file run-v8.cif (mmCIF, C-alpha atoms (C1' of nucleotides))
data_entry
loop_
_atom_site.label_atom_id
_atom_site.label_comp_id
_atom_site.auth_asym_id
_atom_site.auth_seq_id
_atom_site.Cartn_x
_atom_site.Cartn_y
_atom_site.Cartn_z
CA MET A 1 36.35 -3.80 13.70
CA GLN A 2 34.96 -3.89 10.16
CA ILE A 3 31.42 -4.80 9.14
CA ALA A 4 30.36 -5.04 5.50
CA THR A 5 27.20 -5.60 3.49
CA TRP A 6 26.95 -7.00 -0.03
CA ASN A 7 24.00 -8.03 -2.18
CA VAL A 8 25.63 -10.83 -4.20
CA ASN A 9 22.71 -11.72 -6.51
CA SER A 10 23.16 -15.51 -6.16
CA LEU A 11 25.72 -16.85 -3.73
CA SER A 12 26.17 -19.94 -5.92
CA VAL A 13 27.45 -17.81 -8.78
CA ARG A 14 29.30 -15.28 -6.63
CA LEU A 15 30.98 -17.52 -4.03
CA PRO A 16 34.41 -17.33 -5.71
CA GLN A 17 34.16 -13.54 -5.73
CA VAL A 18 33.06 -13.48 -2.09
CA LEU A 19 36.02 -15.63 -1.06
CA ASP A 20 38.39 -13.51 -3.15
CA TRP A 21 36.98 -10.31 -1.66
CA LEU A 22 37.34 -11.67 1.88
CA THR A 23 40.98 -12.51 1.18
CA GLN A 24 41.59 -8.91 0.15
CA ASN A 25 39.21 -7.46 2.76
CA PRO A 26 39.36 -9.64 5.87
CA VAL A 27 36.44 -7.89 7.56
CA ASP A 28 35.16 -9.17 10.90
CA VAL A 29 31.58 -9.43 9.68
CA LEU A 30 30.14 -9.73 6.16
CA CYS A 31 26.38 -9.60 5.64
CA LEU A 32 25.02 -11.00 2.38
CA GLN A 33 21.69 -10.62 0.60
CA GLU A 34 20.00 -12.32 -2.35
CA LEU A 35 21.58 -15.70 -1.76
CA LYS A 36 19.02 -17.37 -4.07
CA LEU A 37 19.71 -20.84 -2.71
CA THR A 38 18.40 -23.34 -0.19
CA GLU A 39 20.22 -24.06 3.07
CA ASP A 40 21.44 -27.46 1.85
CA LYS A 41 23.38 -25.60 -0.86
CA PHE A 42 24.78 -22.93 1.47
CA PRO A 43 28.62 -23.08 1.35
CA PHE A 44 29.27 -23.43 5.10
CA ALA A 45 32.45 -25.47 4.60
CA ALA A 46 34.10 -23.13 2.08
CA LEU A 47 33.39 -20.15 4.33
CA GLN A 48 34.66 -21.96 7.41
CA ALA A 49 37.87 -22.77 5.54
CA ALA A 50 38.18 -19.02 4.90
CA GLY A 51 37.79 -18.37 8.63
CA TYR A 52 34.11 -17.46 8.83
CA GLU A 53 31.20 -18.89 10.72
CA ALA A 54 27.86 -18.30 9.08
CA VAL A 55 24.19 -18.18 9.93
CA ALA A 56 21.63 -17.96 7.15
CA LEU A 57 17.96 -17.69 6.31
CA CYS A 58 17.53 -19.32 2.93
CA GLN A 59 14.89 -19.61 0.24
CA LYS A 60 14.82 -21.26 -3.14
CA THR A 61 15.35 -18.97 -6.16
CA TYR A 62 14.65 -15.66 -4.42
CA ASN A 63 15.85 -13.63 -1.45
CA GLY A 64 17.96 -15.21 1.30
CA VAL A 65 20.31 -13.51 3.79
CA ALA A 66 23.36 -14.52 5.80
CA ILE A 67 25.79 -13.18 8.39
CA LEU A 68 29.43 -14.31 8.19
CA ALA A 69 31.74 -13.59 11.10
CA ARG A 70 35.21 -14.44 12.34
CA SER A 71 33.93 -14.70 15.93
CA PRO A 72 30.95 -16.69 17.23
CA LEU A 73 27.42 -15.57 16.39
CA ASP A 74 24.83 -15.59 19.13
CA ALA A 75 21.10 -14.95 19.69
CA VAL A 76 20.12 -15.48 16.05
CA VAL A 77 16.70 -14.23 14.92
CA ARG A 78 15.26 -15.09 11.51
CA ASN A 79 12.79 -12.71 9.86
CA ILE A 80 10.76 -10.11 11.76
CA PRO A 81 9.14 -11.62 14.87
CA GLY A 82 5.36 -11.40 14.68
CA PHE A 83 5.33 -10.49 10.98
CA GLU A 84 4.10 -13.37 8.84
CA ASP A 85 6.41 -13.56 5.84
CA GLU A 86 7.01 -16.34 3.33
CA GLN A 87 10.05 -14.51 2.04
CA ALA A 88 13.52 -14.87 3.60
CA ARG A 89 14.57 -11.26 4.14
CA VAL A 90 16.10 -10.71 7.58
CA ILE A 91 18.62 -12.32 9.88
CA ALA A 92 19.92 -10.85 13.13
CA ALA A 93 22.74 -11.97 15.40
CA THR A 94 25.10 -10.71 18.07
CA VAL A 95 28.85 -10.71 17.46
CA LEU A 96 31.53 -10.18 20.05
CA SER A 97 34.13 -7.49 19.66
CA GLY A 98 36.91 -6.19 21.87
CA ALA A 99 34.81 -3.23 22.93
CA GLY A 100 31.69 -5.30 23.60
CA PRO A 101 28.95 -7.13 21.70
CA VAL A 102 27.53 -5.66 18.51
CA ARG A 103 24.01 -6.53 17.44
CA ILE A 104 23.62 -6.94 13.68
CA ILE A 105 20.33 -6.78 11.76
CA ASN A 106 20.88 -7.76 8.13
CA GLY A 107 17.98 -7.10 5.75
CA TYR A 108 17.11 -7.61 2.13
CA PHE A 109 14.37 -5.02 2.04
CA VAL A 110 11.41 -5.48 -0.29
CA ASN A 111 11.91 -4.09 -3.81
CA GLY A 112 8.30 -3.04 -4.29
CA GLN A 113 8.22 -2.94 -8.10
CA ALA A 114 6.13 0.25 -8.50
CA PRO A 115 3.83 2.46 -6.44
CA GLY A 116 0.26 1.23 -6.54
CA THR A 117 1.14 -2.46 -6.89
CA ASP A 118 0.56 -5.24 -4.36
CA LYS A 119 4.34 -5.53 -4.04
CA PHE A 120 4.60 -1.87 -3.10
CA ALA A 121 1.91 -2.31 -0.44
CA TYR A 122 3.87 -5.29 0.89
CA LYS A 123 7.01 -3.15 0.96
CA LEU A 124 5.31 -0.51 3.12
CA ARG A 125 3.85 -3.13 5.49
CA TRP A 126 7.25 -4.78 5.76
CA LEU A 127 8.97 -1.46 6.46
CA ALA A 128 6.46 -0.64 9.19
CA ALA A 129 6.96 -4.03 10.84
CA LEU A 130 10.73 -3.67 10.62
CA HIS A 131 10.56 -0.25 12.25
CA ASP A 132 8.59 -1.53 15.23
CA TRP A 133 10.91 -4.50 15.68
CA VAL A 134 14.09 -2.39 15.39
CA ARG A 135 12.77 -0.21 18.22
CA THR A 136 12.60 -3.21 20.53
CA GLU A 137 15.97 -4.55 19.33
CA LEU A 138 17.55 -1.18 20.04
CA ALA A 139 16.16 -1.16 23.56
CA ALA A 140 17.68 -4.59 24.20
CA HIS A 141 20.93 -4.01 22.28
CA PRO A 142 22.21 -0.41 22.44
CA ARG A 143 25.21 -1.29 20.25
CA LEU A 144 23.17 -1.94 17.09
CA VAL A 145 23.90 -1.96 13.36
CA VAL A 146 21.07 -2.18 10.81
CA LEU A 147 22.43 -2.85 7.35
CA GLY A 148 21.70 -4.40 4.01
CA ASP A 149 19.99 -3.73 0.72
CA PHE A 150 17.32 -1.21 1.73
CA ASN A 151 15.96 -0.71 -1.78
CA VAL A 152 15.50 2.97 -0.91
CA ALA A 153 17.49 5.93 -2.23
CA PRO A 154 17.13 8.17 0.82
CA GLU A 155 17.83 11.51 -0.86
CA ASP A 156 18.05 12.97 -4.35
CA ARG A 157 21.85 12.85 -4.21
CA ASP A 158 21.57 9.06 -3.85
CA SER A 159 20.20 8.72 -7.39
CA TYR A 160 21.76 9.30 -10.83
CA ASP A 161 18.50 10.84 -12.06
CA PRO A 162 16.43 12.22 -9.19
CA VAL A 163 14.28 14.34 -11.51
CA GLY A 164 13.54 11.75 -14.16
CA LEU A 165 12.98 9.07 -11.50
CA ALA A 166 11.01 11.27 -9.08
CA ASP A 167 8.20 9.34 -7.36
CA THR A 168 9.26 6.04 -8.96
CA ILE A 169 10.36 2.99 -6.97
CA HIS A 170 13.22 3.68 -4.51
CA HIS A 171 12.44 7.41 -4.76
CA THR A 172 8.91 7.74 -3.38
CA ARG A 173 7.92 9.92 -0.46
CA GLU A 174 6.58 6.86 1.39
CA GLU A 175 9.81 4.86 1.10
CA ARG A 176 11.91 7.83 2.12
CA ALA A 177 9.63 8.52 5.09
CA HIS A 178 10.20 4.94 6.28
CA PHE A 179 13.96 5.42 5.96
CA GLN A 180 13.71 8.62 8.00
CA ALA A 181 11.59 6.80 10.58
CA LEU A 182 14.42 4.34 11.12
CA LEU A 183 16.80 7.26 11.65
CA GLY A 184 14.20 8.68 14.05
CA LEU A 185 14.74 5.68 16.32
CA GLY A 186 18.27 6.99 16.96
CA LEU A 187 20.12 5.46 14.04
CA THR A 188 22.60 7.26 11.78
CA ASP A 189 23.44 6.66 8.11
CA ALA A 190 27.16 5.93 8.60
CA TYR A 191 28.00 6.77 4.98
CA ARG A 192 26.94 10.38 5.53
CA LEU A 193 29.12 10.82 8.60
CA PHE A 194 31.94 11.44 6.13
CA GLU A 195 32.72 13.50 3.06
CA GLN A 196 32.02 11.25 0.08
CA PRO A 197 32.65 11.55 -3.63
CA GLU A 198 29.86 13.16 -5.68
CA LYS A 199 27.56 10.65 -7.36
CA SER A 200 28.55 7.68 -5.25
CA TYR A 201 26.23 4.71 -5.53
CA SER A 202 26.06 1.07 -4.46
CA TRP A 203 24.00 -0.42 -7.30
CA TRP A 204 24.15 -0.06 -11.08
CA ASP A 205 21.79 -1.63 -13.63
CA TYR A 206 23.33 -4.43 -15.67
CA ARG A 207 21.73 -2.95 -18.78
CA MET A 208 22.75 -0.03 -20.96
CA LEU A 209 26.30 0.21 -19.54
CA GLY A 210 24.89 1.42 -16.23
CA PHE A 211 28.13 1.01 -14.30
CA GLN A 212 30.37 2.44 -17.03
CA LYS A 213 28.12 5.51 -17.18
CA ASN A 214 27.77 5.60 -13.37
CA ARG A 215 23.99 5.48 -13.66
CA GLY A 216 23.41 4.08 -10.20
CA LEU A 217 21.57 4.33 -6.92
CA ARG A 218 22.78 4.31 -3.32
CA ILE A 219 20.39 1.77 -1.85
CA ASP A 220 22.73 -0.35 0.31
CA HIS A 221 23.11 1.21 3.71
CA ILE A 222 24.68 0.81 7.14
CA LEU A 223 22.87 2.46 10.04
CA VAL A 224 24.52 2.68 13.46
CA SER A 225 23.03 3.37 16.87
CA GLU A 226 23.99 6.31 19.10
CA ALA A 227 26.21 4.07 21.22
CA LEU A 228 28.29 3.12 18.17
CA ARG A 229 28.22 6.41 16.30
CA ALA A 230 31.27 7.95 17.98
CA THR A 231 33.33 4.84 17.22
CA VAL A 232 32.76 4.95 13.45
CA THR A 233 36.01 5.87 11.67
CA ALA A 234 35.09 5.11 8.04
CA CYS A 235 32.30 4.02 5.72
CA VAL A 236 32.99 3.41 2.04
CA VAL A 237 31.59 1.75 -1.06
CA ASP A 238 34.04 -0.69 -2.64
CA ARG A 239 33.39 -0.40 -6.36
CA ALA A 240 36.14 -2.88 -7.30
CA PRO A 241 33.98 -6.04 -7.34
CA ARG A 242 31.53 -4.36 -9.74
CA LYS A 243 34.38 -4.39 -12.29
CA ASN A 244 34.82 -8.17 -12.05
CA PRO A 245 33.73 -10.48 -14.82
CA GLN A 246 30.20 -11.68 -13.98
CA PRO A 247 29.73 -9.11 -11.21
CA SER A 248 26.83 -8.67 -8.85
CA ASP A 249 24.90 -5.53 -9.73
CA HIS A 250 25.64 -4.28 -6.17
CA ALA A 251 28.95 -3.26 -4.62
CA PRO A 252 29.94 -3.93 -0.98
CA VAL A 253 29.67 -1.18 1.62
CA VAL A 254 32.23 -1.35 4.44
CA LEU A 255 31.98 0.17 7.92
CA THR A 256 35.00 0.60 10.16
CA LEU A 257 34.62 0.98 13.94
CA GLY A 258 37.60 2.26 15.87
"C1'" DA B 259 6.25 3.09 -24.23
"C1'" DT B 260 9.48 -0.66 -24.29
"C1'" DG B 261 13.62 -3.17 -23.40
"C1'" DA B 262 18.18 -3.38 -22.50
"C1'" DC B 263 21.13 -7.67 -18.40
"C1'" DG B 264 21.55 -11.40 -15.41
"C1'" DG B 265 19.86 -15.33 -12.32
"C1'" DT B 266 16.63 -19.16 -11.59
"C1'" DG B 267 13.65 -22.88 -12.87
"C1'" DT B 268 12.31 -27.65 -15.63
"C1'" DG B 269 12.71 -23.96 -19.81
"C1'" DG B 270 12.25 -23.97 -25.24
"C1'" DC B 271 10.46 -19.10 -22.33
"C1'" DA B 272 8.42 -16.50 -17.95
"C1'" DC B 273 9.30 -14.24 -13.79
"C1'" DC B 274 11.90 -11.18 -10.95
"C1'" DG B 275 15.05 -7.67 -9.75
"C1'" DA B 276 15.88 -2.13 -9.36
#

call {"tool": "encode", "arguments": {"input": "run-v8.cif", "output": "structure tokens"}}
result
Amino acid sequence: MQIATWNVNSLSVRLPQVLDWLTQNPVDVLCLQELKLTEDKFPFAALQAAGYEAVALCQKTYNGVAILARSPLDAVVRNIPGFEDEQARVIAATVLSGAGPVRIINGYFVNGQAPGTDKFAYKLRWLAALHDWVRTELAAHPRLVVLGDFNVAPEDRDSYDPVGLADTIHHTREERAHFQALLGLGLTDAYRLFEQPEKSYSWWDYRMLGFQKNRGLRIDHILVSEALRATVTACVVDRAPRKNPQPSDHAPVVLTLG
DNA sequence: ATGACGGTGTGGCACCGA
């Protein structure tokens, strides 16, 4: 079973690339972030023609998340229960697999702009609410995957310039503590279960030849619960779509379960 | 210190992302 995450930075613009990628990478589940469209514009028909059902939480212009799957999606939850939020950032669903159901929580985590801003305070509140909700989800669904654009570089090796960017957004102690708190619930960063290339990232700035110079951050993550951990056989970043014309600034991350 | 690039909206630029 393969489960992938990809921040597409506008599904309207990137739909042809998503369909092309799915043809080359027929994963069982693809989780998308930054759809930037309303539900009436969501391409349900095109995805269904490609073999995928979809559930989405949409918002005009900003945010928006979706789960695409080859098998039926069940028990859908939109946003964090009990956390008032005007922004469309989370969708959860259960997918069936041969080995049993897998619970998926797909998040477009708050960016946070800069420490000290209202947006940063919102990011920390949002992360705290997510943590509490993930604990209850994990209790109900032992086979759990939490994935998406976390907007956190968990460690110095996840940043092209950990010294120059120390204590700036994605690199702060508070954000990293929240990431560690998620791991503390019994989740594992699947990417780090394996030897990976040095300086491997999932996002590169559009400006200043960021991708060509590999000035990036690893901020897109896939966390797996204890019950799934032993079944993980691979986790990779697929840099190929970042080389497309008109690419998203993020690359997909792909998890393989044995 | 700033902006660089790209997407969206009802625009002639501003806002946002990371």

call {"tool": "residues_around", "arguments": {"input": "run-v8.cif", "residues": "Ala45 of chain A", "least_positions_apart": "5", "cutoff": "12 Å", "atoms": "all atoms listed in the file", "output": "PDB file with C-alpha atoms, in the frame of the given file"}}
result
ATOM      1  CA  LEU A  15      30.980 -17.520  -4.030  1.00  0.00           C
ATOM      2  CA  LEU A  19      36.020 -15.630  -1.060  1.00  0.00           C
ATOM      3  CA  ASP A  40      21.440 -27.460   1.850  1.00  0.00           C
ATOM      4  CA  ALA A  50      38.180 -19.020   4.900  1.00  0.00           C
ATOM      5  CA  GLY A  51      37.790 -18.370   8.630  1.00  0.00           C
ATOM      6  CA  TYR A  52      34.110 -17.460   8.830  1.00  0.00           C
ATOM      7  CA  GLU A  53      31.200 -18.890  10.720  1.00  0.00           C
ATOM      8  CA  ALA A  54      27.860 -18.300   9.080  1.00  0.00           C
TER       9      ALA A  54
END

call {"tool": "resolve_selection", "arguments": {"input": "run-v8.cif", "expression": "the PyMOL selection byres ((chain A) within 8 of (chain B))", "output": "MDAnalysis selection string"}}
result
chainID A and resid 9:10 61 111 113 151 169 205:208

call {"tool": "atom_distance", "arguments": {"input": "run-v8.cif", "atom1": "atom CA of Ala114 of chain A", "atom2": "atom CA of Tyr160 of chain A"}}
result
18.2 Å

call {"tool": "atom_distance", "arguments": {"input": "run-v8.cif", "atom1": "atom CA of Thr188 of chain A", "atom2": "atom CA of Thr231 of chain A"}}
result
12.3 Å

call {"tool": "atom_distance", "arguments": {"input": "run-v8.cif", "atom1": "atom CA of Leu35 of chain A", "atom2": "atom CA of Phe109 of chain A"}}
result
13.4 Å

call {"tool": "resolve_selection", "arguments": {"input": "run-v8.cif", "expression": "the PyMOL selection byres ((chain A and resi 161) around 12)", "output": "ChimeraX atom specification"}}
result
/A:153,155-160,162-168,170-171,199,201,214-218

call {"tool": "residues_around", "arguments": {"input": "run-v8.cif", "residues": "segment 127-138 of chain A", "least_positions_apart": "4", "cutoff": "10 Å", "atoms": "all atoms listed in the file", "output": "PyMOL selection string"}}
result
chain A and resi 79-84+90+92+103-105+107+109-110+121-123+142-146+150+175+178-179+181-187+225-226
